[in-house]
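Q: Data file protein_35.csv (CSV, C-alpha atoms) is appended below.
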```
chain,number,residue,atom,x,y,z
A,1300,MET,CA,-7.0,-25.9,3.8
A,1301,ARG,CA,-5.1,-23.2,5.6
A,1302,ALA,CA,-4.3,-19.7,4.4
A,1303,ALA,CA,-2.3,-17.0,6.0
A,1304,VAL,CA,-2.8,-13.3,5.2
A,1305,VAL,CA,0.1,-11.0,6.0
A,1306,VAL,CA,-0.8,-7.7,7.6
A,1307,PHE,CA,1.5,-4.7,7.3
A,1308,PRO,CA,1.0,-1.2,8.8
A,1309,GLY,CA,-1.1,0.4,6.1
A,1310,SER,CA,-2.6,-2.8,4.7
A,1311,ASN,CA,-6.3,-2.2,4.0
A,1312,CYS,CA,-7.5,-5.2,2.0
A,1313,ASP,CA,-6.3,-7.8,4.5
A,1314,ARG,CA,-9.8,-8.6,5.9
A,1315,ASP,CA,-11.4,-8.6,2.4
A,1316,LEU,CA,-8.8,-11.2,1.3
A,1317,ALA,CA,-9.4,-13.2,4.4
A,1318,VAL,CA,-13.2,-13.3,3.9
A,1319,ALA,CA,-12.7,-14.4,0.3
A,1320,PHE,CA,-10.5,-17.2,1.4
A,1321,GLU,CA,-12.9,-18.2,4.2
A,1322,GLN,CA,-15.9,-18.2,1.8
A,1323,ALA,CA,-14.0,-20.6,-0.4
A,1324,GLY,CA,-13.5,-22.9,2.6
A,1325,PHE,CA,-10.1,-21.9,4.0
A,1326,ASP,CA,-9.1,-21.5,7.6
A,1327,VAL,CA,-7.4,-18.2,7.7
A,1328,SER,CA,-4.7,-16.9,10.1
A,1329,MET,CA,-3.7,-13.2,10.1
A,1330,VAL,CA,0.1,-12.8,10.4
A,1331,TRP,CA,1.6,-9.5,11.6
A,1332,HIS,CA,4.6,-8.1,9.7
A,1333,LYS,CA,6.9,-8.4,12.8
A,1334,ASP,CA,6.2,-12.1,13.1
A,1335,THR,CA,9.2,-14.0,11.9
A,1336,GLY,CA,7.4,-17.2,10.9
A,1337,LEU,CA,4.3,-18.3,9.2
A,1338,PRO,CA,1.9,-20.7,11.0
A,1339,GLU,CA,2.7,-24.3,10.3
A,1340,ASN,CA,1.1,-26.3,7.5
A,1341,ILE,CA,0.0,-23.2,5.6
A,1342,ASP,CA,-1.3,-24.1,2.1
A,1343,ILE,CA,-1.2,-20.5,0.7
A,1344,VAL,CA,0.0,-17.1,1.8
A,1345,GLY,CA,-2.0,-14.0,0.8
A,1346,VAL,CA,-0.2,-10.6,0.6
A,1347,PRO,CA,-3.0,-8.0,0.6
A,1348,GLY,CA,-3.6,-4.6,-1.0
A,1349,GLY,CA,-3.2,-1.3,0.8
A,1350,PHE,CA,-0.5,1.2,1.4
A,1351,SER,CA,2.1,-0.8,3.4
A,1352,PHE,CA,4.4,1.6,5.3
A,1353,GLY,CA,2.7,4.5,3.5
A,1354,ASP,CA,4.2,3.6,0.2
A,1355,TYR,CA,7.3,5.3,1.4
A,1356,LEU,CA,10.4,5.1,-0.8
A,1357,ARG,CA,8.6,2.8,-3.4
A,1358,CYS,CA,5.4,0.9,-3.1
A,1359,GLY,CA,6.1,-2.3,-1.3
A,1360,ALA,CA,9.8,-1.6,-0.8
A,1361,ILE,CA,9.8,-1.3,3.0
A,1362,ALA,CA,7.3,-4.2,3.4
A,1363,ALA,CA,9.5,-6.4,1.4
A,1364,GLN,CA,12.3,-6.0,4.0
A,1365,SER,CA,10.0,-6.8,7.0
A,1366,PRO,CA,10.7,-10.0,8.9
A,1367,ILE,CA,7.6,-11.9,7.7
A,1368,CYS,CA,8.6,-11.3,4.1
A,1369,GLN,CA,11.7,-13.5,4.5
A,1370,SER,CA,9.3,-16.3,5.6
A,1371,VAL,CA,7.1,-15.7,2.6
A,1372,VAL,CA,10.2,-15.9,0.4
A,1373,ASP,CA,11.2,-19.1,2.1
A,1374,HIS,CA,7.7,-20.5,1.7
A,1375,THR,CA,7.7,-19.9,-2.0
A,1376,LYS,CA,11.2,-21.3,-2.4
A,1377,ARG,CA,9.9,-24.5,-0.9
A,1378,GLY,CA,7.2,-24.6,-3.6
A,1379,GLY,CA,4.5,-23.0,-1.5
A,1380,TYR,CA,1.6,-21.1,-3.0
A,1381,ALA,CA,1.2,-17.4,-2.6
A,1382,ILE,CA,-1.0,-14.6,-4.1
A,1383,GLY,CA,-0.3,-10.9,-4.0
A,1384,VAL,CA,-3.0,-8.5,-4.8
A,1385,CYS,CA,-2.3,-4.8,-5.7
A,1386,ASN,CA,0.1,-3.6,-3.0
A,1387,GLY,CA,0.7,-7.3,-2.4
A,1388,PHE,CA,1.9,-7.7,-6.0
A,1389,GLN,CA,4.2,-4.7,-5.5
A,1390,VAL,CA,5.6,-6.4,-2.4
A,1391,LEU,CA,6.2,-9.7,-4.3
A,1392,THR,CA,8.1,-7.9,-7.1
A,1393,GLU,CA,10.2,-6.0,-4.5
A,1394,THR,CA,11.1,-9.3,-2.8
A,1395,GLY,CA,12.2,-10.7,-6.2
A,1396,ILE,CA,9.7,-13.5,-5.9
A,1397,LEU,CA,8.1,-12.2,-9.1
A,1398,PRO,CA,9.9,-10.4,-11.9
A,1399,GLY,CA,9.4,-6.8,-13.0
A,1400,ALA,CA,8.1,-3.7,-11.1
A,1401,LEU,CA,5.1,-1.5,-10.8
A,1402,LEU,CA,5.5,2.1,-11.9
A,1403,ARG,CA,3.3,5.2,-11.5
A,1404,ASN,CA,0.2,4.9,-13.8
A,1405,ALA,CA,1.0,6.4,-17.2
A,1406,GLY,CA,-1.9,8.9,-16.7
A,1407,LEU,CA,-0.6,9.9,-13.3
A,1408,LYS,CA,-4.0,9.4,-11.7
A,1409,TYR,CA,-5.2,7.0,-9.1
A,1410,ILE,CA,-7.8,4.8,-10.8
A,1411,CYS,CA,-10.6,3.0,-8.9
A,1412,LYS,CA,-13.1,1.2,-11.1
A,1413,THR,CA,-14.1,-2.2,-12.4
A,1414,VAL,CA,-12.3,-3.2,-15.5
A,1415,PRO,CA,-12.6,-6.0,-18.0
A,1416,LEU,CA,-9.8,-8.5,-17.7
A,1417,LYS,CA,-8.9,-11.3,-20.1
A,1418,VAL,CA,-7.9,-14.6,-18.6
A,1419,GLU,CA,-4.8,-15.5,-20.6
A,1420,THR,CA,-4.2,-19.0,-19.2
A,1421,SER,CA,-6.3,-21.5,-17.3
A,1422,ASN,CA,-3.1,-23.4,-16.5
A,1423,SER,CA,-2.6,-22.5,-12.9
A,1424,ALA,CA,-4.2,-23.3,-9.6
A,1425,PHE,CA,-5.5,-19.7,-9.5
A,1426,THR,CA,-7.1,-19.6,-13.0
A,1427,GLU,CA,-8.2,-23.1,-13.7
A,1428,GLY,CA,-11.8,-22.1,-12.8
A,1429,TYR,CA,-11.8,-19.9,-15.9
A,1430,ASN,CA,-11.3,-20.6,-19.6
A,1431,ALA,CA,-8.5,-18.9,-21.4
A,1432,GLY,CA,-10.0,-16.1,-23.3
A,1433,ASP,CA,-12.8,-15.4,-20.7
A,1434,VAL,CA,-13.3,-11.7,-20.0
A,1435,ILE,CA,-14.2,-11.0,-16.3
A,1436,GLY,CA,-15.0,-7.8,-14.5
A,1437,ILE,CA,-12.6,-7.1,-11.6
A,1438,PRO,CA,-12.1,-3.8,-9.7
A,1439,ILE,CA,-8.8,-2.0,-9.8
A,1440,ALA,CA,-7.8,0.6,-7.3
A,1441,HIS,CA,-4.2,1.8,-7.7
A,1442,HIS,CA,-1.9,4.7,-8.4
A,1443,ASP,CA,1.1,2.6,-9.2
A,1444,GLY,CA,-0.1,-0.3,-11.3
A,1445,ASN,CA,1.9,0.3,-14.5
A,1446,TYR,CA,3.6,-3.1,-14.9
A,1447,PHE,CA,7.1,-2.8,-16.3
A,1448,ALA,CA,9.7,-5.4,-17.1
A,1449,ASP,CA,12.4,-5.4,-19.8
A,1450,ALA,CA,11.5,-6.8,-23.2
A,1451,GLU,CA,13.4,-10.0,-22.6
A,1452,THR,CA,11.5,-10.6,-19.3
A,1453,VAL,CA,8.1,-9.8,-21.0
A,1454,ALA,CA,8.9,-12.2,-23.8
A,1455,MET,CA,9.8,-14.9,-21.3
A,1456,LEU,CA,6.6,-14.4,-19.4
A,1457,GLN,CA,4.6,-14.6,-22.6
A,1458,GLY,CA,6.5,-17.5,-24.0
A,1459,GLU,CA,6.2,-19.5,-20.8
A,1460,ASP,CA,2.4,-18.8,-20.5
A,1461,ARG,CA,3.0,-16.9,-17.3
A,1462,VAL,CA,0.8,-13.9,-18.0
A,1463,ALA,CA,-2.4,-14.8,-16.1
A,1464,PHE,CA,-4.5,-11.7,-16.9
A,1465,THR,CA,-4.4,-8.8,-19.3
A,1466,TYR,CA,-6.4,-5.6,-19.4
A,1467,GLU,CA,-8.9,-5.4,-22.3
A,1468,ASP,CA,-8.6,-1.6,-22.2
A,1469,ASN,CA,-5.2,-0.8,-20.6
A,1470,PRO,CA,-5.9,1.7,-17.9
A,1471,ASN,CA,-2.3,2.3,-16.6
A,1472,GLY,CA,0.3,1.8,-19.3
A,1473,SER,CA,1.3,-1.7,-18.3
A,1474,VAL,CA,3.7,-3.3,-20.8
A,1475,GLY,CA,1.9,-5.9,-22.9
A,1476,ASP,CA,-1.4,-4.9,-21.1
A,1477,ILE,CA,-0.2,-7.2,-18.2
A,1478,ALA,CA,-2.5,-7.2,-15.2
A,1479,GLY,CA,-1.2,-10.4,-13.4
A,1480,ILE,CA,1.7,-12.8,-13.7
A,1481,LEU,CA,2.7,-16.2,-12.5
A,1482,SER,CA,6.0,-17.4,-11.0
A,1483,GLU,CA,8.1,-20.0,-12.9
A,1484,ASN,CA,6.5,-22.9,-11.0
A,1485,ARG,CA,3.1,-21.3,-11.5
A,1486,ARG,CA,2.4,-21.3,-7.7
A,1487,VAL,CA,2.7,-17.6,-7.1
A,1488,LEU,CA,0.3,-15.1,-8.6
A,1489,GLY,CA,0.7,-11.3,-8.5
A,1490,MET,CA,-2.1,-9.1,-9.9
A,1491,MET,CA,-3.0,-5.5,-9.6
A,1492,PRO,CA,-6.8,-6.0,-9.9
A,1493,HIS,CA,-8.7,-7.1,-6.7
A,1494,PRO,CA,-10.5,-10.5,-7.1
A,1495,GLU,CA,-11.4,-10.4,-3.4
A,1496,ARG,CA,-13.5,-7.3,-4.2
A,1497,ALA,CA,-15.6,-9.3,-6.7
A,1498,ALA,CA,-16.3,-12.3,-4.6
A,1499,ASP,CA,-19.7,-11.7,-3.0
A,1500,LEU,CA,-23.1,-10.6,-4.5
A,1501,GLY,CA,-22.8,-7.6,-2.2
A,1502,HIS,CA,-19.7,-6.4,-4.1
A,1503,GLY,CA,-21.8,-6.0,-7.2
A,1504,GLY,CA,-19.9,-8.7,-9.0
A,1505,THR,CA,-18.7,-12.3,-8.3
A,1506,ASP,CA,-16.2,-12.8,-11.2
A,1507,GLY,CA,-13.4,-13.2,-8.6
A,1508,THR,CA,-15.0,-16.1,-6.8
A,1509,ALA,CA,-13.8,-18.7,-9.3
A,1510,LEU,CA,-10.2,-17.9,-8.4
A,1511,PHE,CA,-10.6,-18.7,-4.7
A,1512,ARG,CA,-12.8,-21.7,-5.4
A,1513,ALA,CA,-10.3,-23.1,-7.8
A,1514,LEU,CA,-7.5,-22.7,-5.2
A,1515,ALA,CA,-9.7,-24.4,-2.6
A,1516,GLY,CA,-10.2,-27.3,-5.1
A,1517,VAL,CA,-6.6,-27.7,-6.0
A,1518,LEU,CA,-5.2,-27.3,-2.5
A,1519,THR,CA,-7.7,-29.8,-0.9
A,1520,PRO,CA,-5.7,-32.7,0.4
A,1521,ALA,CA,-6.5,-35.7,-1.8
B,1264,MET,CA,30.1,13.0,10.8
B,1265,MET,CA,30.3,11.4,7.4
B,1266,LYS,CA,27.6,12.0,4.8
B,1267,ALA,CA,26.6,10.3,1.6
B,1268,ARG,CA,24.2,11.5,-1.1
B,1269,VAL,CA,22.4,9.0,-3.2
B,1270,HIS,CA,20.8,10.0,-6.5
B,1271,VAL,CA,18.1,7.6,-7.7
B,1272,MET,CA,16.7,7.9,-11.3
B,1273,LEU,CA,14.5,5.8,-13.4
B,1274,LYS,CA,16.6,4.0,-16.0
B,1275,THR,CA,16.8,5.2,-19.6
B,1276,GLY,CA,13.9,3.6,-21.5
B,1277,VAL,CA,11.6,3.4,-18.4
B,1278,LEU,CA,8.7,5.7,-18.9
B,1279,ASP,CA,8.7,8.6,-16.4
B,1280,PRO,CA,5.2,9.9,-16.4
B,1281,GLN,CA,5.9,12.5,-13.7
B,1282,GLY,CA,8.9,13.9,-15.6
B,1283,GLU,CA,6.8,14.0,-18.8
B,1284,ALA,CA,4.0,15.9,-16.9
B,1285,VAL,CA,6.6,18.5,-15.7
B,1286,ARG,CA,8.0,18.8,-19.3
B,1287,HIS,CA,4.4,19.3,-20.6
B,1288,ALA,CA,3.7,22.0,-18.0
B,1289,LEU,CA,7.0,23.8,-18.7
B,1290,GLY,CA,6.2,23.8,-22.4
B,1291,ALA,CA,2.7,25.2,-21.7
B,1292,MET,CA,4.3,28.0,-19.6
B,1293,GLY,CA,6.3,29.0,-22.6
B,1294,PHE,CA,9.7,27.4,-21.8
B,1295,ASP,CA,10.1,26.1,-25.3
B,1296,SER,CA,13.7,25.2,-24.8
B,1297,VAL,CA,12.9,22.1,-22.6
B,1298,THR,CA,12.9,19.0,-24.7
B,1299,GLY,CA,12.9,16.4,-21.9
B,1300,VAL,CA,12.5,16.1,-18.1
B,1301,ARG,CA,13.4,13.1,-15.9
B,1302,GLN,CA,12.4,13.3,-12.2
B,1303,GLY,CA,14.3,11.3,-9.5
B,1304,LYS,CA,15.1,11.3,-5.9
B,1305,VAL,CA,17.9,12.5,-3.7
B,1306,ILE,CA,18.5,10.6,-0.4
B,1307,ASP,CA,21.0,12.1,2.1
B,1308,LEU,CA,22.5,9.7,4.6
B,1309,ASP,CA,24.3,10.6,7.8
B,1310,LEU,CA,26.8,7.9,8.5
B,1311,ALA,CA,28.9,6.9,11.4
B,1312,GLU,CA,32.7,7.1,11.1
B,1313,GLY,CA,34.1,4.2,9.2
B,1314,ALA,CA,31.2,3.6,6.9
B,1315,THR,CA,32.4,3.0,3.3
B,1316,GLU,CA,31.0,3.5,-0.2
B,1317,ALA,CA,30.7,-0.2,-0.4
B,1318,ASP,CA,28.2,-0.1,2.5
B,1319,VAL,CA,26.2,2.5,0.7
B,1320,THR,CA,26.3,0.5,-2.5
B,1321,GLU,CA,24.8,-2.4,-0.6
B,1322,MET,CA,22.1,-0.2,0.8
B,1323,CYS,CA,21.3,0.9,-2.7
B,1324,GLU,CA,21.2,-2.6,-4.1
B,1325,LYS,CA,19.0,-3.9,-1.2
B,1326,LEU,CA,16.6,-1.1,-0.5
B,1327,LEU,CA,17.3,2.5,-1.8
B,1328,ALA,CA,16.9,1.7,-5.5
B,1329,ASN,CA,15.0,-1.0,-7.3
B,1330,THR,CA,17.5,-1.9,-10.0
B,1331,VAL,CA,14.8,-3.4,-12.2
B,1332,ILE,CA,13.7,0.1,-13.0
B,1333,GLU,CA,16.1,2.5,-11.3
B,1334,SER,CA,19.8,3.4,-11.5
B,1335,TYR,CA,21.7,5.1,-8.6
B,1336,ALA,CA,24.8,7.2,-8.1
B,1337,ILE,CA,26.6,7.7,-4.8
B,1338,GLU,CA,28.5,10.8,-3.7
B,1339,MET,CA,30.6,10.3,-0.5
B,1340,GLY,CA,31.7,13.2,1.6
```
Now, as a test, write the supplied structure out as structure tokens.
A:
Amino acid sequence: MRAAVVVFPGSNCDRDLAVAFEQAGFDVSMVWHKDTGLPENIDIVGVPGGFSFGDYLRCGAIAAQSPICQSVVDHTKRGGYAIGVCNGFQVLTETGILPGALLRNAGLKYICKTVPLKVETSNSAFTEGYNAGDVIGIPIAHHDGNYFADAETVAMLQGEDRVAFTYEDNPNGSVGDIAGILSENRRVLGMMPHPERAADLGHGGTDGTALFRALAGVLTPA
Amino acid sequence: MMKARVHVMLKTGVLDPQGEAVRHALGAMGFDSVTGVRQGKVIDLDLAEGATEADVTEMCEKLLANTVIESYAIEMG
């Protein structure tokens, strides 16, 4: 299994994401934003958290226009898997790969703490290691994590079982308590909480490990 | 040199917590007449001769605004 982690100027969770992939058994390549192509035979692309391009203009907006992001778009259009965490989720919405947008937290404050997340569906390569209804502890660390989409889009996401995670105690004003969503083909996950920060005993929690292990199981060549 | 000014605002119906915080502060200062505040961005572009409003519209659609949450208005001149 091979994963690629995209690195932008200002990314700061790229190595954490790489370690989480490696511990689940992936070979990981780091890919710089100016690279125009992904390595060959990549099973999944990770778009990490951080403050790409200083969050200038809008979080993720400049990164979404970088050369590598066109390759990420093409990869997902071919049916490739991708995960975007925090700023990576913002980048995926700015590219249009995932619907909606992330607004400033309703309380205006940056929030960094572990929050209870409810697993809404186990029907994806990312969440099949959990049971729907499980509540897991995953850290959030964001200022702009307030998920917004119009009512029609939210109804579609809910109707198609594409809400992967919701907040048990909504910290940021996200519509429908949404913390993470899936693409139409369920192969792209965007989420504000950081599963890679709950993937080692040293992190103080390992509830994120099942996500990476499940991916490794699904993506293992038969 | 040509110039364009782009106004970017959150769409009606999209919560603007920053505008709401400003409204709250104005109210606390005694400015009772303020019933709502929306905060946006102004982006000034210096343009080469020959650039058109259609060019600026394309810039807005592709980068300057996120039309999922924001509307924009262009002033040329």
Q: Compile the contact shell of Gly1516 of chain A as a list in words: residues with an atom at most 10 Å away, counting only C-alpha atoms, same-chain residues fewer than 6 positions apart removed.
A: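 Contacts, with the query itself left out: Met1300, Ala1323, Gly1324, Ala1424, Phe1425, Glu1427, Gly1428 and Leu1510 of chain A.
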Q: Based on only C-alpha atoms, which of the residues in chain A come within 7 Å of chain B? I want them as a PyMOL selection string.
A: chain A and resi 1360+1399-1400+1405+1407
Q: Record the distance separating atom CA of Ile1337 of chain B and atom CA of Ala1363 of chain A, expressed in Å with one decimal.
A: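 Going from atom CA of Ile1337 of chain B over to atom CA of Ala1363 of chain A covers 23.0 Å.
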Q: Tell me, in Å to one decimal, how far atom CA of Thr1452 of chain A is from atom CA of Lys1274 of chain B.
A: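 Distance reported for this atom pair: 15.8 Å.
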Q: Quote the spacing between atom CA of Gly1504 of chain A and atom CA of Pro1492 of chain A in Å to one decimal place.
A: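 These atoms are spaced 13.4 Å apart.
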Q: Give the answer as one residue: which of A:Ala1450, A:Val1390, A:Leu1397, A:Val1330 has the shortest atom-to-atom distance to Asn1484 of chain A, using all atoms listed in the file?
A: A:Leu1397
Q: Need the shell around Gln1457 of chain A: protein/DNA/RNA residues with any atom at most 10 Å away, counting only C-alpha atoms. Skip same-chain ones fewer than 5 positions apart. Format as a list in words?
A: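 With the cut-off at 10 Å, the set is Glu1419, Glu1451, Thr1452, Val1462, Ala1463, Gly1475, Ile1477 and Ile1480 of chain A.
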Q: Using all atoms listed in the file, which protein or nucleic acid residues come within 6 Å of Leu1416 of chain A? Drop anything in the same chain fewer than 6 positions from it, and give the result as a list in words.
A: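 Answer for this query is Val1434, Ile1435, Thr1465, Tyr1466 and Glu1467 of chain A.
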Q: What lies within 8 Å of segment 1301-1314 of chain A using only C-alpha atoms, ignoring chain neighbours under 3 positions off, as a ChimeraX atom specification?
A: /A:1317-1318,1320,1325-1332,1337-1338,1340-1353,1362,1367
Q: Now that the selection is made, can you save its residues with C-alpha atoms as a JSON list (two decimals), in the frame of the given file?
A:
```json
[["chain", "number", "residue", "atom", "x", "y", "z"],
["A", 1317, "ALA", "CA", -9.40, -13.20, 4.40],
["A", 1318, "VAL", "CA", -13.20, -13.30, 3.90],
["A", 1320, "PHE", "CA", -10.50, -17.20, 1.40],
["A", 1325, "PHE", "CA", -10.10, -21.90, 4.00],
["A", 1326, "ASP", "CA", -9.10, -21.50, 7.60],
["A", 1327, "VAL", "CA", -7.40, -18.20, 7.70],
["A", 1328, "SER", "CA", -4.70, -16.90, 10.10],
["A", 1329, "MET", "CA", -3.70, -13.20, 10.10],
["A", 1330, "VAL", "CA", 0.10, -12.80, 10.40],
["A", 1331, "TRP", "CA", 1.60, -9.50, 11.60],
["A", 1332, "HIS", "CA", 4.60, -8.10, 9.70],
["A", 1337, "LEU", "CA", 4.30, -18.30, 9.20],
["A", 1338, "PRO", "CA", 1.90, -20.70, 11.00],
["A", 1340, "ASN", "CA", 1.10, -26.30, 7.50],
["A", 1341, "ILE", "CA", 0.00, -23.20, 5.60],
["A", 1342, "ASP", "CA", -1.30, -24.10, 2.10],
["A", 1343, "ILE", "CA", -1.20, -20.50, 0.70],
["A", 1344, "VAL", "CA", 0.00, -17.10, 1.80],
["A", 1345, "GLY", "CA", -2.00, -14.00, 0.80],
["A", 1346, "VAL", "CA", -0.20, -10.60, 0.60],
["A", 1347, "PRO", "CA", -3.00, -8.00, 0.60],
["A", 1348, "GLY", "CA", -3.60, -4.60, -1.00],
["A", 1349, "GLY", "CA", -3.20, -1.30, 0.80],
["A", 1350, "PHE", "CA", -0.50, 1.20, 1.40],
["A", 1351, "SER", "CA", 2.10, -0.80, 3.40],
["A", 1352, "PHE", "CA", 4.40, 1.60, 5.30],
["A", 1353, "GLY", "CA", 2.70, 4.50, 3.50],
["A", 1362, "ALA", "CA", 7.30, -4.20, 3.40],
["A", 1367, "ILE", "CA", 7.60, -11.90, 7.70]]
```
Q: Do you know which residues are at most 7 Å from Arg1268 of chain B counting all atoms listed in the file, after dropping those on the same chain fewer than 4 positions away, and could you put them as a list in words?
A: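 Non-adjacent residues within range: Val1305, Ile1306, Asp1307, Leu1308, Ile1337, Glu1338 and Met1339 of chain B.
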Q: Around (3.4, 1.9, -15.1) in the file's frame, which residues reach within 6 Å when counting all atoms listed in the file? Return as a list of chain:residue names?
A: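 Answer for this query, in the requested form: A:Leu1401, A:Leu1402, A:Arg1403, A:Asn1404, A:Ala1405, A:Gly1444, A:Asn1445, A:Tyr1446, A:Asn1471, A:Gly1472, A:Ser1473.
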Q: Write segment 1306-1322 of chain B as a compact mmCIF listing (two decimals), in the coordinates of the input, completed to N, CA, C and O atoms.
A:
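New file out05.txt:
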```txt
# COMPACT_ATOMS: atom_id res chain seq x y z
N ILE B 1306 18.62 11.13 -1.81
CA ILE B 1306 18.50 10.60 -0.40
C ILE B 1306 19.86 10.94 0.26
O ILE B 1306 20.93 10.51 -0.20
N ASP B 1307 19.78 11.72 1.33
CA ASP B 1307 21.00 12.10 2.10
C ASP B 1307 21.10 11.15 3.30
O ASP B 1307 20.14 10.98 4.05
N LEU B 1308 22.27 10.58 3.46
CA LEU B 1308 22.50 9.70 4.60
C LEU B 1308 23.54 10.28 5.52
O LEU B 1308 24.59 10.76 5.06
N ASP B 1309 23.26 10.30 6.82
CA ASP B 1309 24.30 10.60 7.80
C ASP B 1309 24.87 9.31 8.28
O ASP B 1309 24.14 8.40 8.67
N LEU B 1310 26.17 9.22 8.24
CA LEU B 1310 26.80 7.90 8.50
C LEU B 1310 27.81 8.03 9.66
O LEU B 1310 28.44 9.07 9.87
N ALA B 1311 27.94 6.94 10.37
CA ALA B 1311 28.90 6.90 11.40
C ALA B 1311 30.33 6.78 10.80
O ALA B 1311 30.47 6.34 9.65
N GLU B 1312 31.34 7.20 11.55
CA GLU B 1312 32.70 7.10 11.10
C GLU B 1312 33.03 5.67 10.66
O GLU B 1312 32.61 4.72 11.33
N GLY B 1313 33.73 5.53 9.59
CA GLY B 1313 34.10 4.20 9.20
C GLY B 1313 33.24 3.58 8.12
O GLY B 1313 33.59 2.57 7.50
N ALA B 1314 32.08 4.19 7.90
CA ALA B 1314 31.20 3.60 6.90
C ALA B 1314 31.87 3.87 5.50
O ALA B 1314 32.56 4.86 5.29
N THR B 1315 31.67 2.93 4.61
CA THR B 1315 32.40 3.00 3.30
C THR B 1315 31.35 3.11 2.18
O THR B 1315 30.16 2.86 2.36
N GLU B 1316 31.88 3.46 1.02
CA GLU B 1316 31.00 3.50 -0.20
C GLU B 1316 30.44 2.16 -0.47
O GLU B 1316 29.32 2.04 -0.96
N ALA B 1317 31.21 1.12 -0.14
CA ALA B 1317 30.70 -0.20 -0.40
C ALA B 1317 29.44 -0.49 0.48
O ALA B 1317 28.49 -1.15 0.04
N ASP B 1318 29.43 0.06 1.70
CA ASP B 1318 28.20 -0.10 2.50
C ASP B 1318 27.03 0.59 1.88
O ASP B 1318 25.92 0.05 1.85
N VAL B 1319 27.27 1.80 1.35
CA VAL B 1319 26.20 2.50 0.70
C VAL B 1319 25.70 1.84 -0.55
O VAL B 1319 24.50 1.78 -0.84
N THR B 1320 26.64 1.27 -1.28
CA THR B 1320 26.30 0.50 -2.50
C THR B 1320 25.35 -0.65 -2.11
O THR B 1320 24.34 -0.90 -2.78
N GLU B 1321 25.68 -1.33 -1.01
CA GLU B 1321 24.80 -2.40 -0.60
C GLU B 1321 23.43 -1.95 -0.19
O GLU B 1321 22.43 -2.59 -0.51
N MET B 1322 23.38 -0.77 0.46
CA MET B 1322 22.10 -0.20 0.80
C MET B 1322 21.26 0.11 -0.43
O MET B 1322 20.04 -0.11 -0.47
```
